[in-house]
file protein-v4.json (JSON, C-alpha atoms)
[["chain", "number", "residue", "atom", "x", "y", "z"],
["A", 16, "MET", "CA", 34.50, -78.93, 69.31],
["A", 17, "ASP", "CA", 32.45, -76.95, 71.81],
["A", 18, "MET", "CA", 34.33, -77.74, 75.04],
["A", 19, "GLN", "CA", 31.78, -76.12, 77.32],
["A", 20, "ALA", "CA", 28.94, -78.10, 75.78],
["A", 21, "ALA", "CA", 31.00, -81.29, 76.14],
["A", 22, "LEU", "CA", 31.82, -80.58, 79.81],
["A", 23, "GLN", "CA", 28.18, -79.82, 80.62],
["A", 24, "GLY", "CA", 27.24, -83.01, 78.78],
["A", 25, "LEU", "CA", 29.70, -85.01, 80.87],
["A", 26, "THR", "CA", 28.43, -83.42, 84.10],
["A", 27, "GLY", "CA", 24.84, -84.16, 83.15],
["A", 28, "GLY", "CA", 25.78, -87.72, 82.25],
["A", 29, "VAL", "CA", 27.43, -88.26, 85.66],
["A", 30, "LEU", "CA", 24.26, -87.00, 87.37],
["A", 31, "ILE", "CA", 22.18, -89.44, 85.32],
["A", 32, "GLY", "CA", 24.57, -92.21, 86.40],
["A", 33, "LEU", "CA", 24.24, -91.16, 90.06],
["A", 34, "SER", "CA", 20.45, -91.26, 89.67],
["A", 35, "ALA", "CA", 20.62, -94.80, 88.25],
["A", 36, "THR", "CA", 22.99, -95.87, 91.05],
["A", 37, "TRP", "CA", 20.75, -94.35, 93.73],
["A", 38, "LEU", "CA", 17.59, -95.99, 92.35],
["A", 39, "MET", "CA", 19.31, -99.39, 92.46],
["A", 40, "ALA", "CA", 20.74, -98.77, 95.94],
["A", 41, "ALA", "CA", 17.48, -97.47, 97.41],
["A", 42, "LEU", "CA", 14.75, -99.44, 95.64],
["A", 43, "GLY", "CA", 16.62, -102.14, 93.74],
["A", 44, "ARG", "CA", 15.28, -100.89, 90.43],
["A", 45, "ILE", "CA", 16.70, -100.22, 86.97],
["A", 46, "ALA", "CA", 16.34, -96.54, 85.99],
["A", 47, "GLY", "CA", 14.51, -97.24, 82.74],
["A", 48, "ILE", "CA", 12.28, -94.28, 81.98],
["A", 49, "SER", "CA", 10.06, -96.00, 79.41],
["A", 50, "GLY", "CA", 9.48, -98.98, 81.73],
["A", 51, "ILE", "CA", 8.73, -96.80, 84.75],
["A", 52, "ALA", "CA", 6.46, -94.35, 82.90],
["A", 53, "ALA", "CA", 4.69, -97.06, 80.87],
["A", 54, "THR", "CA", 3.95, -99.09, 84.00],
["A", 55, "LEU", "CA", 2.64, -95.93, 85.65],
["A", 56, "VAL", "CA", 0.15, -95.16, 82.85],
["A", 57, "THR", "CA", -0.84, -98.67, 81.77],
["A", 58, "ALA", "CA", -0.65, -100.96, 84.80],
["A", 59, "ARG", "CA", -3.53, -101.94, 87.03],
["A", 60, "PRO", "CA", -4.01, -99.51, 89.92],
["A", 61, "GLN", "CA", -3.10, -102.02, 92.61],
["A", 62, "ARG", "CA", 0.53, -102.02, 91.47],
["A", 63, "GLU", "CA", 2.88, -100.16, 93.76],
["A", 64, "ASN", "CA", 3.18, -96.98, 91.74],
["A", 65, "ALA", "CA", 3.78, -94.12, 94.18],
["A", 66, "TRP", "CA", 7.57, -94.20, 93.69],
["A", 67, "ARG", "CA", 7.08, -94.29, 89.91],
["A", 68, "LEU", "CA", 4.87, -91.21, 89.98],
["A", 69, "ALA", "CA", 7.38, -89.47, 92.27],
["A", 70, "PHE", "CA", 10.22, -90.42, 89.89],
["A", 71, "VAL", "CA", 8.40, -88.92, 86.89],
["A", 72, "LEU", "CA", 7.57, -85.74, 88.82],
["A", 73, "GLY", "CA", 11.23, -85.59, 89.86],
["A", 74, "ILE", "CA", 12.31, -85.69, 86.20],
["A", 75, "ILE", "CA", 10.15, -82.63, 85.47],
["A", 76, "SER", "CA", 11.45, -80.92, 88.64],
["A", 77, "GLY", "CA", 15.07, -81.17, 87.43],
["A", 78, "PRO", "CA", 14.85, -78.56, 84.64],
["A", 79, "LEU", "CA", 12.56, -76.43, 86.84],
["A", 80, "LEU", "CA", 15.24, -76.41, 89.55],
["A", 81, "VAL", "CA", 17.86, -75.37, 86.98],
["A", 82, "MET", "CA", 15.58, -72.51, 85.90],
["A", 83, "LEU", "CA", 15.20, -71.48, 89.53],
["A", 84, "ILE", "CA", 18.97, -71.58, 90.11],
["A", 85, "ASN", "CA", 19.52, -69.49, 86.97],
["A", 86, "ALA", "CA", 16.90, -66.98, 88.07],
["A", 87, "GLN", "CA", 18.33, -66.68, 91.58],
["A", 88, "THR", "CA", 22.04, -66.67, 90.78],
["A", 89, "GLY", "CA", 22.34, -65.82, 87.07],
["A", 90, "ALA", "CA", 24.46, -68.97, 86.70],
["A", 91, "GLY", "CA", 23.37, -69.43, 83.08],
["A", 92, "LEU", "CA", 23.19, -73.24, 83.33],
["A", 93, "GLY", "CA", 21.68, -75.19, 80.45],
["A", 94, "ASN", "CA", 23.01, -76.71, 77.25],
["A", 95, "VAL", "CA", 20.58, -75.81, 74.48],
["A", 96, "ALA", "CA", 22.51, -75.57, 71.19],
["A", 97, "GLY", "CA", 23.00, -71.96, 70.18],
["A", 98, "ALA", "CA", 21.48, -70.61, 73.41],
["A", 99, "ALA", "CA", 24.79, -69.82, 75.15],
["A", 100, "GLY", "CA", 24.47, -66.49, 76.90],
["A", 101, "ALA", "CA", 20.68, -66.60, 76.71],
["A", 102, "SER", "CA", 18.83, -64.70, 79.41],
["A", 103, "GLY", "CA", 19.34, -66.41, 82.78],
["A", 104, "THR", "CA", 15.67, -66.70, 83.65],
["A", 105, "SER", "CA", 14.66, -67.99, 80.23],
["A", 106, "ALA", "CA", 13.35, -71.54, 79.90],
["A", 107, "SER", "CA", 14.67, -71.55, 76.32],
["A", 108, "ALA", "CA", 18.25, -71.92, 77.59],
["A", 109, "ILE", "CA", 17.26, -75.25, 79.21],
["A", 110, "ILE", "CA", 14.39, -76.67, 77.14],
["A", 111, "GLY", "CA", 14.90, -76.54, 73.37],
["A", 112, "ALA", "CA", 12.08, -76.02, 70.88],
["A", 113, "PRO", "CA", 10.37, -79.11, 69.44],
["A", 114, "ALA", "CA", 11.80, -80.22, 66.09],
["A", 115, "GLY", "CA", 8.41, -80.24, 64.34],
["A", 116, "GLY", "CA", 4.69, -79.68, 64.60],
["A", 117, "VAL", "CA", 1.89, -81.67, 66.22],
["A", 118, "ALA", "CA", 1.43, -84.09, 63.29],
["A", 119, "LEU", "CA", 5.09, -85.12, 63.19],
["A", 120, "MET", "CA", 5.17, -85.50, 66.98],
["A", 121, "LEU", "CA", 2.07, -87.73, 66.96],
["A", 122, "VAL", "CA", 3.81, -90.10, 64.54],
["A", 123, "ALA", "CA", 7.11, -89.94, 66.43],
["A", 124, "GLY", "CA", 5.45, -90.40, 69.82],
["A", 125, "LEU", "CA", 3.53, -93.45, 68.65],
["A", 126, "LEU", "CA", 6.74, -95.02, 67.29],
["A", 127, "VAL", "CA", 8.67, -94.25, 70.50],
["A", 128, "GLY", "CA", 5.84, -95.69, 72.64],
["A", 129, "ILE", "CA", 5.31, -98.88, 70.64],
["A", 130, "GLY", "CA", 9.04, -99.33, 70.05],
["A", 131, "THR", "CA", 10.17, -98.93, 73.65],
["A", 132, "GLY", "CA", 7.21, -101.05, 74.79],
["A", 133, "LEU", "CA", 8.05, -103.97, 72.46],
["A", 134, "GLY", "CA", 11.80, -103.52, 72.92],
["A", 135, "SER", "CA", 11.48, -103.30, 76.73],
["A", 136, "GLY", "CA", 13.54, -100.15, 77.10],
["A", 137, "CYS", "CA", 14.84, -96.86, 75.81],
["A", 138, "THR", "CA", 17.98, -94.75, 75.96],
["A", 139, "SER", "CA", 18.08, -94.98, 79.77],
["A", 140, "GLY", "CA", 17.11, -98.60, 80.42],
["A", 141, "HIS", "CA", 19.11, -100.15, 77.58],
["A", 142, "GLY", "CA", 21.53, -97.34, 76.69],
["A", 143, "VAL", "CA", 22.69, -96.43, 80.20],
["A", 144, "CYS", "CA", 21.72, -99.11, 82.75],
["A", 145, "GLY", "CA", 21.90, -102.06, 80.34],
["A", 146, "LEU", "CA", 25.29, -101.12, 78.91],
["A", 147, "ALA", "CA", 26.58, -100.51, 82.45],
["A", 148, "ARG", "CA", 25.48, -104.07, 83.31],
["A", 149, "LEU", "CA", 27.25, -105.31, 80.15],
["A", 150, "SER", "CA", 23.96, -106.87, 79.02],
["A", 151, "PRO", "CA", 24.15, -108.33, 75.46],
["A", 152, "ARG", "CA", 20.40, -107.70, 75.04],
["A", 153, "SER", "CA", 20.81, -104.02, 75.87],
["A", 154, "LEU", "CA", 23.86, -103.68, 73.60],
["A", 155, "ALA", "CA", 21.84, -105.16, 70.71],
["A", 156, "ALA", "CA", 18.86, -102.89, 71.47],
["A", 157, "THR", "CA", 21.08, -99.80, 71.75],
["A", 158, "LEU", "CA", 22.81, -100.52, 68.42],
["A", 159, "SER", "CA", 19.40, -101.10, 66.84],
["A", 160, "PHE", "CA", 17.83, -97.81, 67.97],
["A", 161, "LEU", "CA", 21.00, -95.79, 67.34],
["A", 162, "VAL", "CA", 21.38, -97.09, 63.78],
["A", 163, "ALA", "CA", 17.66, -96.58, 63.07],
["A", 164, "ALA", "CA", 17.80, -93.03, 64.44],
["A", 165, "VAL", "CA", 20.94, -92.13, 62.44],
["A", 166, "ILE", "CA", 19.38, -93.50, 59.22],
["A", 167, "THR", "CA", 16.13, -91.62, 59.95],
["A", 168, "VAL", "CA", 17.94, -88.30, 60.46],
["A", 169, "PHE", "CA", 19.99, -88.93, 57.31],
["A", 170, "ILE", "CA", 16.86, -89.53, 55.24],
["A", 171, "VAL", "CA", 14.97, -86.56, 56.74],
["A", 172, "ARG", "CA", 17.85, -84.08, 56.42],
["A", 173, "HIS", "CA", 19.91, -85.18, 53.45],
["A", 174, "VAL", "CA", 17.63, -87.26, 51.21],
["A", 175, "ILE", "CA", 14.26, -85.50, 51.64],
["A", 176, "GLY", "CA", 15.55, -82.20, 53.04],
["A", 177, "GLY", "CA", 18.46, -81.94, 50.61],
["A", 178, "GLU", "CA", 20.73, -80.28, 53.16],
["B", 15, "MET", "CA", 3.00, -96.61, 105.51],
["B", 16, "LYS", "CA", 6.33, -95.23, 106.62],
["B", 17, "THR", "CA", 8.17, -97.44, 104.11],
["B", 18, "ARG", "CA", 5.86, -96.28, 101.32],
["B", 19, "LEU", "CA", 6.66, -92.65, 102.08],
["B", 20, "THR", "CA", 10.39, -93.43, 102.17],
["B", 21, "LYS", "CA", 10.18, -95.27, 98.84],
["B", 22, "THR", "CA", 8.25, -92.40, 97.29],
["B", 23, "LEU", "CA", 10.83, -89.89, 98.51],
["B", 24, "ALA", "CA", 13.68, -92.10, 97.23],
["B", 25, "GLY", "CA", 11.94, -92.26, 93.83],
["B", 26, "TYR", "CA", 11.57, -88.50, 93.75],
["B", 27, "ILE", "CA", 15.27, -87.96, 94.53],
["B", 28, "ALA", "CA", 16.23, -90.35, 91.72],
["B", 29, "GLY", "CA", 13.93, -88.53, 89.29],
["B", 30, "LEU", "CA", 15.22, -85.13, 90.35],
["B", 31, "LEU", "CA", 18.86, -86.19, 89.82],
["B", 32, "PHE", "CA", 17.89, -87.64, 86.45],
["B", 33, "GLY", "CA", 16.03, -84.49, 85.38],
["B", 34, "LEU", "CA", 18.91, -82.28, 86.54],
["B", 35, "GLY", "CA", 21.30, -84.42, 84.51],
["B", 36, "LEU", "CA", 19.14, -84.24, 81.38],
["B", 37, "ALA", "CA", 18.78, -80.45, 81.69],
["B", 38, "LEU", "CA", 22.50, -79.80, 82.26],
["B", 39, "ALA", "CA", 23.51, -82.24, 79.53],
["B", 40, "GLY", "CA", 21.37, -80.58, 76.87],
["B", 41, "MET", "CA", 19.29, -83.74, 76.33],
["B", 42, "THR", "CA", 16.23, -81.49, 76.63],
["B", 43, "ASP", "CA", 17.22, -79.82, 73.36],
["B", 44, "PRO", "CA", 15.99, -81.80, 70.31],
["B", 45, "ALA", "CA", 18.33, -79.76, 68.09],
["B", 46, "ARG", "CA", 21.33, -80.98, 70.12],
["B", 47, "VAL", "CA", 20.12, -84.60, 70.01],
["B", 48, "LEU", "CA", 19.43, -84.50, 66.27],
["B", 49, "GLY", "CA", 22.83, -82.84, 65.76],
["B", 50, "PHE", "CA", 24.41, -85.90, 67.39],
["B", 51, "LEU", "CA", 22.41, -88.30, 65.21],
["B", 52, "ASP", "CA", 23.26, -86.32, 62.03],
["B", 53, "ILE", "CA", 26.67, -87.89, 61.31],
["B", 54, "ALA", "CA", 26.61, -86.67, 57.69],
["B", 55, "GLY", "CA", 26.01, -83.04, 58.73],
["B", 56, "ALA", "CA", 27.58, -80.69, 61.29],
["B", 57, "TRP", "CA", 28.03, -83.49, 63.84],
["B", 58, "ASP", "CA", 27.53, -82.49, 67.50],
["B", 59, "PRO", "CA", 29.52, -84.86, 69.79],
["B", 60, "THR", "CA", 27.92, -83.62, 73.06],
["B", 61, "LEU", "CA", 25.74, -86.71, 73.54],
["B", 62, "MET", "CA", 28.77, -88.98, 73.48],
["B", 63, "PHE", "CA", 29.96, -87.25, 76.63],
["B", 64, "VAL", "CA", 26.49, -87.56, 78.18],
["B", 65, "LEU", "CA", 26.22, -91.27, 77.43],
["B", 66, "GLY", "CA", 29.86, -91.90, 78.36],
["B", 67, "GLY", "CA", 29.53, -90.10, 81.70],
["B", 68, "ALA", "CA", 26.27, -91.87, 82.49],
["B", 69, "VAL", "CA", 27.43, -95.39, 81.55],
["B", 70, "VAL", "CA", 30.79, -95.17, 83.37],
["B", 71, "THR", "CA", 29.18, -93.72, 86.51],
["B", 72, "THR", "CA", 26.44, -96.36, 86.49],
["B", 73, "PHE", "CA", 28.97, -99.13, 85.83],
["B", 74, "ILE", "CA", 31.01, -98.12, 88.89],
["B", 75, "GLY", "CA", 27.89, -97.41, 90.96],
["B", 76, "TYR", "CA", 26.30, -100.79, 90.19],
["B", 77, "ARG", "CA", 29.59, -102.57, 91.01],
["B", 78, "LEU", "CA", 29.53, -101.03, 94.49],
["B", 79, "VAL", "CA", 25.78, -101.30, 95.13],
["B", 80, "LEU", "CA", 25.25, -104.84, 93.84],
["B", 81, "ARG", "CA", 27.89, -106.16, 96.26],
["B", 82, "GLY", "CA", 25.30, -105.65, 99.00],
["B", 83, "THR", "CA", 22.56, -108.09, 99.91],
["B", 84, "GLY", "CA", 19.66, -105.90, 98.82],
["B", 85, "PRO", "CA", 18.36, -102.36, 98.41],
["B", 86, "LEU", "CA", 17.93, -100.00, 101.36],
["B", 87, "PHE", "CA", 14.15, -99.86, 101.04],
["B", 88, "GLY", "CA", 13.16, -103.14, 99.43],
["B", 89, "ARG", "CA", 13.70, -106.89, 99.55],
["B", 90, "TYR", "CA", 15.93, -107.57, 96.55],
["B", 91, "PHE", "CA", 17.58, -106.08, 93.47],
["B", 92, "GLN", "CA", 15.20, -106.46, 90.53],
["B", 93, "LEU", "CA", 17.48, -107.10, 87.56],
["B", 94, "PRO", "CA", 16.33, -108.18, 84.09],
["B", 95, "THR", "CA", 16.76, -111.92, 83.55],
["B", 96, "ARG", "CA", 15.86, -112.38, 79.88],
["B", 97, "ARG", "CA", 18.72, -113.25, 77.52],
["B", 98, "GLU", "CA", 17.13, -113.76, 74.09],
["B", 99, "LEU", "CA", 18.00, -111.48, 71.18],
["B", 100, "ASP", "CA", 14.71, -111.73, 69.27],
["B", 101, "ALA", "CA", 12.79, -109.80, 66.62],
["B", 102, "ARG", "CA", 10.68, -108.15, 69.29],
["B", 103, "LEU", "CA", 13.73, -106.59, 70.98],
["B", 104, "LEU", "CA", 15.52, -105.56, 67.77],
["B", 105, "GLY", "CA", 12.41, -104.53, 65.80],
["B", 106, "GLY", "CA", 10.90, -102.64, 68.73],
["B", 107, "SER", "CA", 14.17, -100.82, 69.31],
["B", 108, "ALA", "CA", 14.40, -99.94, 65.61],
["B", 109, "LEU", "CA", 10.86, -98.47, 65.69],
["B", 110, "PHE", "CA", 11.88, -96.47, 68.75],
["B", 111, "GLY", "CA", 14.97, -95.24, 66.87],
["B", 112, "ILE", "CA", 12.85, -94.00, 63.95],
["B", 113, "GLY", "CA", 10.64, -92.03, 66.35],
["B", 114, "TRP", "CA", 13.71, -90.70, 68.16],
["B", 115, "GLY", "CA", 15.27, -89.62, 64.86],
["B", 116, "LEU", "CA", 12.06, -87.88, 63.73],
["B", 117, "SER", "CA", 11.58, -85.91, 66.95],
["B", 118, "GLY", "CA", 14.85, -85.77, 68.86],
["B", 119, "TYR", "CA", 12.90, -86.95, 71.91],
["B", 120, "CYS", "CA", 13.46, -90.21, 73.76],
["B", 121, "PRO", "CA", 11.11, -90.77, 76.74],
["B", 122, "GLY", "CA", 13.21, -89.12, 79.51],
["B", 123, "PRO", "CA", 13.89, -85.81, 77.77],
["B", 124, "ALA", "CA", 10.29, -85.68, 76.50],
["B", 125, "ILE", "CA", 9.02, -85.93, 80.09],
["B", 126, "ALA", "CA", 11.65, -83.47, 81.40],
["B", 127, "SER", "CA", 10.67, -80.95, 78.71],
["B", 128, "LEU", "CA", 7.24, -80.66, 80.36],
["B", 129, "ALA", "CA", 9.05, -78.02, 82.47],
["B", 130, "ALA", "CA", 8.36, -75.75, 79.47],
["B", 131, "PRO", "CA", 5.38, -77.39, 77.70],
["B", 132, "SER", "CA", 4.34, -76.86, 74.07],
["B", 133, "ALA", "CA", 1.60, -78.31, 71.86],
["B", 134, "PRO", "CA", 3.98, -80.56, 69.83],
["B", 135, "LEU", "CA", 5.49, -81.88, 73.09],
["B", 136, "ILE", "CA", 2.06, -82.72, 74.55],
["B", 137, "ALA", "CA", 1.15, -84.47, 71.28],
["B", 138, "MET", "CA", 4.39, -86.48, 71.48],
["B", 139, "LEU", "CA", 3.72, -87.60, 75.06],
["B", 140, "ALA", "CA", 0.05, -88.43, 74.42],
["B", 141, "ALA", "CA", 0.99, -90.56, 71.40],
["B", 142, "MET", "CA", 3.76, -92.21, 73.42],
["B", 143, "ILE", "CA", 1.24, -93.29, 76.06],
["B", 144, "VAL", "CA", -1.03, -94.72, 73.34],
["B", 145, "GLY", "CA", 2.01, -96.55, 71.94],
["B", 146, "TRP", "CA", 2.81, -98.06, 75.34],
["B", 147, "GLN", "CA", -0.77, -99.28, 75.67],
["B", 148, "LEU", "CA", -0.67, -100.84, 72.20],
["B", 149, "ALA", "CA", 2.64, -102.55, 73.00],
["B", 150, "ARG", "CA", 1.26, -103.86, 76.29],
["B", 151, "ARG", "CA", -1.68, -105.38, 74.40],
["B", 152, "GLN", "CA", 0.87, -107.30, 72.35],
["B", 153, "GLY", "CA", 1.69, -109.10, 75.59],
["B", 154, "SER", "CA", 4.51, -107.10, 77.06],
["B", 155, "HIS", "CA", 6.35, -108.77, 79.91]]

call {"tool": "encode", "arguments": {"input": "protein-v4.json", "output": "structure tokens"}}
result
Amino acid sequence: MDMQAALQGLTGGVLIGLSATWLMAALGRIAGISGIAATLVTARPQRENAWRLAFVLGIISGPLLVMLINAQTGAGLGNVAGAAGASGTSASAIIGAPAGGVALMLVAGLLVGIGTGLGSGCTSGHGVCGLARLSPRSLAATLSFLVAAVITVFIVRHVIGGE
Amino acid sequence: MKTRLTKTLAGYIAGLLFGLGLALAGMTDPARVLGFLDIAGAWDPTLMFVLGGAVVTTFIGYRLVLRGTGPLFGRYFQLPTRRELDARLLGGSALFGIGWGLSGYCPGPAIASLAAPSAPLIAMLAAMIVGWQLARRQGSH
């Protein structure tokens, strides 16, 4: 096992947990990305959305800050598989390449949007906050999307792809 | 007005912590995510550590925070109240899982990856927004 990748993963996970804790402590809200982003882009304008927009901009700022830290200090932070030792200023050490082209991403994006909309949550809302609240609904949702994702990858890579 | 600014700043800090976490964890790398989901291939356990660290931290954090009477900048804690395990929850989550397995992107990492945008990523996000609108038309709560 890649210990450094695991440690970085754990560190990143703790930061995500601190973010969820802070959002509950400050605004009394669940840190569910699909719910926050979907409300931002679909709700009527009179909804109180400034914090949601700020949250989404904050998410994009995170990797940008890591890039800045790498550029300033040469820290080499980032956990892209196979990019260990990549150039410190390179975005490719922090943001991995998409797994497919535009057509595949249109299909995938539509499924993720409809699915998280109908299922009221994604990896963060159900998988992190919901499990932390010991919510049976979130446990069921998490098992459902994990199993579906594992089966999908199996079909794509080992049935169709023949890996 | 002052409260609105404070709330906006608090939201930004939460997002920044979240984005930092995703970037350090490697969640912004579809190859790493798909490697975790590929249990029949060269399995990559990294995401277990991400999810484990996030859930345990949130579990402890919520225990401490929810003892209080309410949030710092709001009236009350807004926690989900629905209990039903219905087809909408399980079917919707399964559809999400198929999209996640095809792309390696769930919503957070897809948004965070805008730090280094590409055409497939923009397509993913645009389609996701359309998907959210379609789901909302189905009478989302």

call {"tool": "residues_around", "arguments": {"input": "protein-v4.json", "residues": "Pro59 (chain B)", "least_positions_apart": "5", "cutoff": "8 Å", "atoms": "only C-alpha atoms", "output": "list in words"}}
result
Met16 and Ala21 of chain A; Phe50 of chain B

call {"tool": "write_last_selection", "arguments": {"input": "protein-v4.json", "atoms": "C-alpha atoms", "output": "PDB file, in the coordinates of the input"}}
result
ATOM      1  CA  MET A  16      34.500 -78.930  69.310  1.00  0.00           C
ATOM      2  CA  ALA A  21      31.000 -81.290  76.140  1.00  0.00           C
TER       3      ALA A  21
ATOM      4  CA  PHE B  50      24.410 -85.900  67.390  1.00  0.00           C
TER       5      PHE B  50
END

call {"tool": "atom_distance", "arguments": {"input": "protein-v4.json", "atom1": "CA of Thr17 (chain B)", "atom2": "CA of Ala46 (chain A)"}}
result
19.9 Å

call {"tool": "closest_residue", "arguments": {"input": "protein-v4.json", "among": "B:Thr20, B:Thr83, B:Gln152, B:Thr71", "to": "chain A", "atoms": "all atoms listed in the file"}}
result
B:Thr71

call {"tool": "residues_around", "arguments": {"input": "protein-v4.json", "residues": "region 125-130 of chain B", "least_positions_apart": "2", "cutoff": "9 Å", "atoms": "all atoms listed in the file", "output": "list in words"}}
result
Val71, Leu72, Gly73, Ile74, Ile75, Ser76, Gly77, Pro78, Leu79, Ala106, Ser107, Ile109, Ile110 and Gly111 of chain A; Gly33, Leu34, Leu36, Ala37, Thr42, Asp43, Cys120, Pro121, Gly122, Pro123, Ser132, Leu135, Ile136 and Leu139 of chain B

call {"tool": "atom_distance", "arguments": {"input": "protein-v4.json", "atom1": "CA of Val174 (chain A)", "atom2": "CA of Pro134 (chain B)"}}
result
24.0 Å

call {"tool": "atom_distance", "arguments": {"input": "protein-v4.json", "atom1": "CA of Ala164 (chain A)", "atom2": "CA of Val95 (chain A)"}}
result
20.1 Å

call {"tool": "closest_residue", "arguments": {"input": "protein-v4.json", "among": "B:Leu86, B:Leu38, B:Ala24, B:Leu51", "to": "Gly115 (chain B)", "atoms": "all atoms listed in the file"}}
result
B:Leu51

call {"tool": "closest_residue", "arguments": {"input": "protein-v4.json", "among": "A:Ile48, A:Leu146, A:Ile166, A:Ala156", "to": "Val69 (chain B)", "atoms": "all atoms listed in the file"}}
result
A:Leu146

call {"tool": "residues_around", "arguments": {"input": "protein-v4.json", "residues": "Gly105 (chain B)", "least_positions_apart": "5", "cutoff": "10 Å", "atoms": "only C-alpha atoms", "output": "list of chain:residue names"}}
result
A:Gly130, A:Thr131, A:Leu133, A:Gly134, A:Ala156, A:Ser159, A:Phe160, A:Ala163, B:Asp100, B:Phe110, B:Gly111

call {"tool": "decode", "arguments": {"input": "protein-v4.json", "residues": "region 144-157 of chain A", "atoms": "N, CA and C atoms", "output": "PDB file, in the first residue's frame"}}
result
ATOM      1  N   CYS A 144     -21.594  13.485   5.988  1.00  0.00           N
ATOM      2  CA  CYS A 144     -22.432  14.073   7.059  1.00  0.00           C
ATOM      3  C   CYS A 144     -23.494  13.091   7.545  1.00  0.00           C
ATOM      4  N   GLY A 145     -24.136  12.394   6.595  1.00  0.00           N
ATOM      5  CA  GLY A 145     -25.213  11.469   6.954  1.00  0.00           C
ATOM      6  C   GLY A 145     -24.701  10.297   7.775  1.00  0.00           C
ATOM      7  N   LEU A 146     -23.579   9.701   7.344  1.00  0.00           N
ATOM      8  CA  LEU A 146     -23.011   8.591   8.110  1.00  0.00           C
ATOM      9  C   LEU A 146     -22.571   9.070   9.491  1.00  0.00           C
ATOM     10  N   ALA A 147     -22.016  10.294   9.555  1.00  0.00           N
ATOM     11  CA  ALA A 147     -21.582  10.835  10.849  1.00  0.00           C
ATOM     12  C   ALA A 147     -22.769  11.048  11.784  1.00  0.00           C
ATOM     13  N   ARG A 148     -23.959  11.293  11.213  1.00  0.00           N
ATOM     14  CA  ARG A 148     -25.172  11.451  12.025  1.00  0.00           C
ATOM     15  C   ARG A 148     -25.846  10.103  12.288  1.00  0.00           C
ATOM     16  N   LEU A 149     -25.235   9.018  11.780  1.00  0.00           N
ATOM     17  CA  LEU A 149     -25.795   7.674  11.908  1.00  0.00           C
ATOM     18  C   LEU A 149     -27.210   7.605  11.333  1.00  0.00           C
ATOM     19  N   SER A 150     -27.416   8.291  10.199  1.00  0.00           N
ATOM     20  CA  SER A 150     -28.731   8.311   9.558  1.00  0.00           C
ATOM     21  C   SER A 150     -28.934   7.054   8.719  1.00  0.00           C
ATOM     22  N   PRO A 151     -29.998   6.269   8.994  1.00  0.00           N
ATOM     23  CA  PRO A 151     -30.272   5.067   8.185  1.00  0.00           C
ATOM     24  C   PRO A 151     -30.495   5.402   6.712  1.00  0.00           C
ATOM     25  N   ARG A 152     -31.163   6.533   6.434  1.00  0.00           N
ATOM     26  CA  ARG A 152     -31.388   6.954   5.051  1.00  0.00           C
ATOM     27  C   ARG A 152     -30.056   7.155   4.320  1.00  0.00           C
ATOM     28  N   SER A 153     -29.127   7.834   4.988  1.00  0.00           N
ATOM     29  CA  SER A 153     -27.842   8.103   4.348  1.00  0.00           C
ATOM     30  C   SER A 153     -27.020   6.835   4.178  1.00  0.00           C
ATOM     31  N   LEU A 154     -27.131   5.911   5.146  1.00  0.00           N
ATOM     32  CA  LEU A 154     -26.412   4.637   5.020  1.00  0.00           C
ATOM     33  C   LEU A 154     -26.942   3.878   3.800  1.00  0.00           C
ATOM     34  N   ALA A 155     -28.271   3.849   3.646  1.00  0.00           N
ATOM     35  CA  ALA A 155     -28.873   3.157   2.498  1.00  0.00           C
ATOM     36  C   ALA A 155     -28.446   3.823   1.190  1.00  0.00           C
ATOM     37  N   ALA A 156     -28.468   5.160   1.158  1.00  0.00           N
ATOM     38  CA  ALA A 156     -28.082   5.884  -0.060  1.00  0.00           C
ATOM     39  C   ALA A 156     -26.616   5.618  -0.390  1.00  0.00           C
ATOM     40  N   THR A 157     -25.754   5.657   0.639  1.00  0.00           N
ATOM     41  CA  THR A 157     -24.319   5.457   0.420  1.00  0.00           C
ATOM     42  C   THR A 157     -24.041   4.062  -0.122  1.00  0.00           C
TER      43      THR A 157
END
